[in-house]
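Structure data follow from target-v3.pdb (PDB, C-alpha atoms):
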```
MODEL        1
ATOM      1  CA  MET W   1      47.273   6.967  13.916
ATOM      2  CA  VAL W   2      47.438   7.284  17.703
ATOM      3  CA  LYS W   3      50.977   5.870  17.739
ATOM      4  CA  LEU W   4      52.046   8.392  15.118
ATOM      5  CA  LYS W   5      50.742  11.297  17.226
ATOM      6  CA  LYS W   6      52.562   9.927  20.267
ATOM      7  CA  ILE W   7      55.821   9.645  18.327
ATOM      8  CA  LEU W   8      55.442  13.192  16.962
ATOM      9  CA  ASN W   9      54.794  14.533  20.455
ATOM     10  CA  GLU W  10      57.920  12.788  21.752
ATOM     11  CA  ILE W  11      59.988  14.269  18.927
ATOM     12  CA  LYS W  12      58.693  17.755  19.714
ATOM     13  CA  MET W  13      59.510  17.321  23.401
ATOM     14  CA  ASP W  14      63.034  16.176  22.612
ATOM     15  CA  GLU W  15      63.603  19.167  20.340
ATOM     16  CA  ALA W  16      62.326  21.741  22.820
ATOM     17  CA  LEU W  17      64.292  20.669  25.889
ATOM     18  CA  PRO W  18      68.057  20.887  25.977
ATOM     19  CA  LYS W  19      70.099  17.783  26.725
ATOM     20  CA  PHE W  20      71.613  17.760  30.187
ATOM     21  CA  LYS W  21      74.998  16.256  31.003
ATOM     22  CA  SER W  22      74.360  16.199  34.736
ATOM     23  CA  LEU W  23      71.630  16.581  37.305
ATOM     24  CA  VAL W  24      73.131  19.905  38.330
ATOM     25  CA  GLN W  25      72.622  21.286  34.820
ATOM     26  CA  ALA W  26      69.021  20.068  34.789
ATOM     27  CA  PHE W  27      68.415  21.593  38.220
ATOM     28  CA  ASP W  28      69.965  24.930  37.188
ATOM     29  CA  TYR W  29      67.852  24.969  34.025
ATOM     30  CA  ILE W  30      64.537  24.366  35.781
ATOM     31  CA  GLN W  31      65.348  26.795  38.589
ATOM     32  CA  SER W  32      66.148  29.532  36.075
ATOM     33  CA  LYS W  33      62.876  28.850  34.212
ATOM     34  CA  ARG W  34      60.883  28.946  37.440
ATOM     35  CA  GLY W  35      62.596  32.176  38.450
ATOM     36  CA  GLU W  36      61.849  33.656  35.043
ATOM     37  CA  SER W  37      58.185  32.672  35.395
ATOM     38  CA  MET W  38      57.966  34.355  38.804
ATOM     39  CA  ASP W  39      59.493  37.544  37.376
ATOM     40  CA  LEU W  40      57.018  37.558  34.502
ATOM     41  CA  GLU W  41      54.133  36.923  36.893
ATOM     42  CA  GLN W  42      55.199  39.887  39.020
ATOM     43  CA  THR W  43      55.410  42.067  35.912
ATOM     44  CA  MET W  44      51.875  41.012  34.945
ATOM     45  CA  ARG W  45      50.581  41.893  38.426
ATOM     46  CA  SER W  46      52.276  45.275  38.286
ATOM     47  CA  THR W  47      50.831  45.992  34.853
ATOM     48  CA  LEU W  48      47.342  45.026  36.035
ATOM     49  CA  ALA W  49      47.707  47.389  38.986
ATOM     50  CA  ASP W  50      48.759  50.165  36.578
ATOM     51  CA  ILE W  51      45.693  49.444  34.426
ATOM     52  CA  GLN W  52      43.403  49.645  37.467
ATOM     53  CA  ASP W  53      44.996  52.927  38.581
ATOM     54  CA  LEU W  54      44.604  54.346  35.097
ATOM     55  CA  GLN W  55      40.936  53.323  35.003
ATOM     56  CA  ARG W  56      40.296  55.089  38.318
ATOM     57  CA  ASP W  57      42.049  58.218  37.091
ATOM     58  CA  MET W  58      40.166  58.090  33.811
ATOM     59  CA  GLU W  59      36.809  57.909  35.604
ATOM     60  CA  GLN W  60      37.695  61.059  37.547
ATOM     61  CA  GLU W  61      39.344  63.168  34.853
ATOM     62  CA  ALA W  62      38.163  62.126  31.382
ATOM     63  CA  GLU W  63      35.148  63.645  29.673
ATOM     64  CA  PRO W  64      32.220  61.176  29.519
ATOM     65  CA  GLU W  65      31.373  62.186  25.952
ATOM     66  CA  GLY W  66      34.987  61.865  24.809
ATOM     67  CA  GLY W  67      37.637  64.396  24.035
ATOM     68  CA  PRO W  68      41.394  64.915  24.174
ATOM     69  CA  ILE W  69      41.759  63.737  27.779
ATOM     70  CA  ALA W  70      39.712  60.603  27.124
ATOM     71  CA  ASP W  71      41.792  59.930  23.993
ATOM     72  CA  LYS W  72      45.011  60.264  25.992
ATOM     73  CA  TYR W  73      43.754  57.755  28.563
ATOM     74  CA  ALA W  74      42.614  55.393  25.808
ATOM     75  CA  ARG W  75      46.101  55.400  24.242
ATOM     76  CA  GLU W  76      47.722  54.742  27.610
ATOM     77  CA  MET W  77      45.231  51.957  28.339
ATOM     78  CA  GLU W  78      45.879  50.278  24.976
ATOM     79  CA  TYR W  79      49.631  50.457  25.560
ATOM     80  CA  LEU W  80      49.335  48.843  28.992
ATOM     81  CA  LYS W  81      47.025  46.124  27.655
ATOM     82  CA  ARG W  82      49.499  45.321  24.854
ATOM     83  CA  GLN W  83      52.315  45.123  27.394
ATOM     84  CA  TYR W  84      50.238  42.835  29.608
ATOM     85  CA  ASN W  85      49.338  40.531  26.703
ATOM     86  CA  LYS W  86      52.965  40.367  25.568
ATOM     87  CA  THR W  87      54.142  39.483  29.071
ATOM     88  CA  LYS W  88      51.346  36.930  29.449
ATOM     89  CA  ALA W  89      52.405  35.210  26.210
ATOM     90  CA  GLU W  90      56.009  35.045  27.457
ATOM     91  CA  PHE W  91      54.797  33.685  30.805
ATOM     92  CA  GLU W  92      52.730  30.981  29.119
ATOM     93  CA  LYS W  93      55.702  29.970  26.968
ATOM     94  CA  VAL W  94      57.965  29.641  30.007
ATOM     95  CA  MET W  95      55.305  27.707  31.918
ATOM     96  CA  ASP W  96      54.943  25.328  28.962
ATOM     97  CA  GLU W  97      58.694  24.716  29.136
ATOM     98  CA  VAL W  98      58.470  24.062  32.885
ATOM     99  CA  ASP W  99      55.541  21.672  32.394
ATOM    100  CA  GLU W 100      57.371  19.880  29.600
ATOM    101  CA  PHE W 101      60.449  19.495  31.810
ATOM    102  CA  ASP W 102      58.336  18.173  34.687
ATOM    103  CA  GLN W 103      56.611  15.643  32.442
ATOM    104  CA  LYS W 104      59.836  14.403  30.938
ATOM    105  CA  TYR W 105      62.177  14.377  33.938
ATOM    106  CA  LEU W 106      60.014  14.035  37.033
TER     107      LEU W 106
ENDMDL
END
```

Please render this file's structure as structure tokens.
Amino acid sequence: MVKLKKILNEIKMDEALPKFKSLVQAFDYIQSKRGESMDLEQTMRSTLADIQDLQRDMEQEAEPEGGPIADKYAREMEYLKRQYNKTKAEFEKVMDEVDEFDQKYL
């Protein structure tokens, strides 16, 4: 049973990573993935900063008991949280690819 799991994991790794004809191609691939992960990380930081700014503004302007202004802030907050979660999922996918590459080739 353990051998079967190991074989299945190896098959999945081989399917996910492209085949490289040279070291230069492998290097270009991993550098592009690492660059992509840094871009996604920066986007996540920016989105978190936007969420914090929105929370500060909401505390100052929105009605504590609710109302149209509070509803507007709630919609904006939900949008930013969805964007953050989407970017985080993309980031995790790219980092999984980087980790898989490191495990297989390094």

Worksheet item: Got a sec: who's within 12 Å of Gly35 of chain W, counting all atoms listed in the file, leaving out chain neighbours fewer than 4 positions off, as number ranges by chain?
Response: W: 28-31, 39-42, 91, 94-95, 98

Practice prompt. Give as a ChimeraX atom specification each residue that has an atom at most 12 Å from (56.5, 23.3, 29.3) in the file, counting all atoms listed in the file.
Written response: /W:12-14,16-17,30,33-34,37,90-105

Given the PyMOL selection byres ((chain W and resi 52-63) around 12), the residues it picks as an mmCIF file with C-alpha atoms, in the coordinates of the input:
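And here is the file that came out, expr26.cif:
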```
data_model
loop_
_atom_site.group_PDB
_atom_site.id
_atom_site.type_symbol
_atom_site.label_atom_id
_atom_site.label_comp_id
_atom_site.auth_asym_id
_atom_site.auth_seq_id
_atom_site.Cartn_x
_atom_site.Cartn_y
_atom_site.Cartn_z
ATOM 1 C CA ARG W 45 50.581 41.893 38.426
ATOM 2 C CA SER W 46 52.276 45.275 38.286
ATOM 3 C CA THR W 47 50.831 45.992 34.853
ATOM 4 C CA LEU W 48 47.342 45.026 36.035
ATOM 5 C CA ALA W 49 47.707 47.389 38.986
ATOM 6 C CA ASP W 50 48.759 50.165 36.578
ATOM 7 C CA ILE W 51 45.693 49.444 34.426
ATOM 8 C CA PRO W 64 32.220 61.176 29.519
ATOM 9 C CA GLU W 65 31.373 62.186 25.952
ATOM 10 C CA GLY W 66 34.987 61.865 24.809
ATOM 11 C CA GLY W 67 37.637 64.396 24.035
ATOM 12 C CA PRO W 68 41.394 64.915 24.174
ATOM 13 C CA ILE W 69 41.759 63.737 27.779
ATOM 14 C CA ALA W 70 39.712 60.603 27.124
ATOM 15 C CA ASP W 71 41.792 59.930 23.993
ATOM 16 C CA LYS W 72 45.011 60.264 25.992
ATOM 17 C CA TYR W 73 43.754 57.755 28.563
ATOM 18 C CA ALA W 74 42.614 55.393 25.808
ATOM 19 C CA ARG W 75 46.101 55.400 24.242
ATOM 20 C CA GLU W 76 47.722 54.742 27.610
ATOM 21 C CA MET W 77 45.231 51.957 28.339
ATOM 22 C CA GLU W 78 45.879 50.278 24.976
ATOM 23 C CA TYR W 79 49.631 50.457 25.560
ATOM 24 C CA LEU W 80 49.335 48.843 28.992
ATOM 25 C CA LYS W 81 47.025 46.124 27.655
#
```

Item to complete: Quote the spacing between atom CA of Met38 of chain W and atom CA of Val24 of chain W in Å to one decimal place.
Response: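 It comes out at 21.0 Å.
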
Worksheet item: Mind pulling up the distance from atom CA of Phe27 of chain W to atom CA of Leu106 of chain W?
Response: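 Those two atoms sit 11.4 Å apart.
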
Once 3 Å is added on each side, what centre and edge lengths in Å to one decimal does the axis-aligned box around all listed atoms of segment 59-63 of chain W have, as AutoDock Vina command-line options?
```
--center_x 37.2 --center_y 60.8 --center_z 33.6 --size_x 10.2 --size_y 11.7 --size_z 13.9
```

Fill in: Length of the atom CA of Leu23 of chain W to atom CA of Lys88 of chain W vector [Å]
29.8 Å

Missing atoms of segment 32-43 of chain W rebuilt to all heavy atoms, written as a short mmCIF file (atom, residue, chain, number, x, y, z; two decimals), in the coordinates of the input:
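New file selection-v4.cif:
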```cif
data_model
loop_
_atom_site.label_atom_id
_atom_site.label_comp_id
_atom_site.auth_asym_id
_atom_site.auth_seq_id
_atom_site.Cartn_x
_atom_site.Cartn_y
_atom_site.Cartn_z
N SER W 32 66.13 28.27 36.81
CA SER W 32 66.15 29.53 36.08
C SER W 32 64.80 29.77 35.39
O SER W 32 64.31 30.90 35.36
CB SER W 32 67.29 29.56 35.05
OG SER W 32 67.04 28.68 33.99
N LYS W 33 64.19 28.71 34.85
CA LYS W 33 62.88 28.85 34.21
C LYS W 33 61.81 29.22 35.24
O LYS W 33 60.93 30.04 34.97
CB LYS W 33 62.48 27.56 33.48
CG LYS W 33 63.28 27.31 32.24
CD LYS W 33 63.01 28.40 31.22
CE LYS W 33 63.87 28.24 29.99
NZ LYS W 33 63.66 29.32 29.03
N ARG W 34 61.87 28.62 36.40
CA ARG W 34 60.88 28.95 37.44
C ARG W 34 61.08 30.37 37.94
O ARG W 34 60.11 31.09 38.20
CB ARG W 34 60.96 27.93 38.57
CG ARG W 34 60.39 26.59 38.15
CD ARG W 34 60.40 25.56 39.24
NE ARG W 34 59.77 24.34 38.76
CZ ARG W 34 60.09 23.13 39.14
NH1 ARG W 34 61.05 22.95 40.02
NH2 ARG W 34 59.47 22.08 38.64
N GLY W 35 62.32 30.79 38.06
CA GLY W 35 62.60 32.18 38.45
C GLY W 35 62.11 33.16 37.40
O GLY W 35 61.53 34.20 37.72
N GLU W 36 62.33 32.81 36.14
CA GLU W 36 61.85 33.66 35.04
C GLU W 36 60.32 33.76 35.07
O GLU W 36 59.76 34.84 34.87
CB GLU W 36 62.32 33.06 33.72
CG GLU W 36 62.01 33.88 32.51
CD GLU W 36 62.52 33.25 31.23
OE1 GLU W 36 63.31 32.29 31.27
OE2 GLU W 36 62.11 33.74 30.16
N SER W 37 59.65 32.64 35.35
CA SER W 37 58.18 32.67 35.40
C SER W 37 57.69 33.54 36.55
O SER W 37 56.70 34.26 36.39
CB SER W 37 57.61 31.26 35.50
OG SER W 37 57.84 30.70 36.77
N MET W 38 58.37 33.51 37.68
CA MET W 38 57.97 34.35 38.80
C MET W 38 58.16 35.83 38.47
O MET W 38 57.33 36.67 38.83
CB MET W 38 58.72 33.97 40.08
CG MET W 38 58.28 32.63 40.64
SD MET W 38 58.91 32.21 42.27
CE MET W 38 60.66 32.39 42.10
N ASP W 39 59.26 36.16 37.78
CA ASP W 39 59.49 37.54 37.38
C ASP W 39 58.41 38.03 36.42
O ASP W 39 57.90 39.15 36.55
CB ASP W 39 60.86 37.69 36.71
CG ASP W 39 62.02 37.49 37.67
OD1 ASP W 39 61.79 37.56 38.91
OD2 ASP W 39 63.15 37.27 37.20
N LEU W 40 58.06 37.18 35.46
CA LEU W 40 57.02 37.56 34.50
C LEU W 40 55.67 37.71 35.19
O LEU W 40 54.90 38.62 34.88
CB LEU W 40 56.94 36.52 33.38
CG LEU W 40 58.12 36.51 32.42
CD1 LEU W 40 58.07 35.28 31.53
CD2 LEU W 40 58.15 37.78 31.59
N GLU W 41 55.39 36.83 36.15
CA GLU W 41 54.13 36.92 36.89
C GLU W 41 54.06 38.23 37.68
O GLU W 41 53.02 38.89 37.71
CB GLU W 41 54.00 35.72 37.82
CG GLU W 41 52.67 35.61 38.51
CD GLU W 41 52.53 34.35 39.33
OE1 GLU W 41 53.56 33.74 39.69
OE2 GLU W 41 51.38 33.98 39.61
N GLN W 42 55.17 38.63 38.28
CA GLN W 42 55.20 39.89 39.02
C GLN W 42 55.00 41.08 38.08
O GLN W 42 54.29 42.03 38.41
CB GLN W 42 56.51 40.03 39.79
CG GLN W 42 56.59 41.29 40.63
CD GLN W 42 55.47 41.39 41.64
OE1 GLN W 42 55.09 40.42 42.27
NE2 GLN W 42 54.93 42.58 41.79
N THR W 43 55.59 41.01 36.90
CA THR W 43 55.41 42.07 35.91
C THR W 43 53.95 42.16 35.49
O THR W 43 53.40 43.27 35.35
CB THR W 43 56.30 41.81 34.68
OG1 THR W 43 57.67 41.75 35.11
CG2 THR W 43 56.14 42.89 33.63
#
```
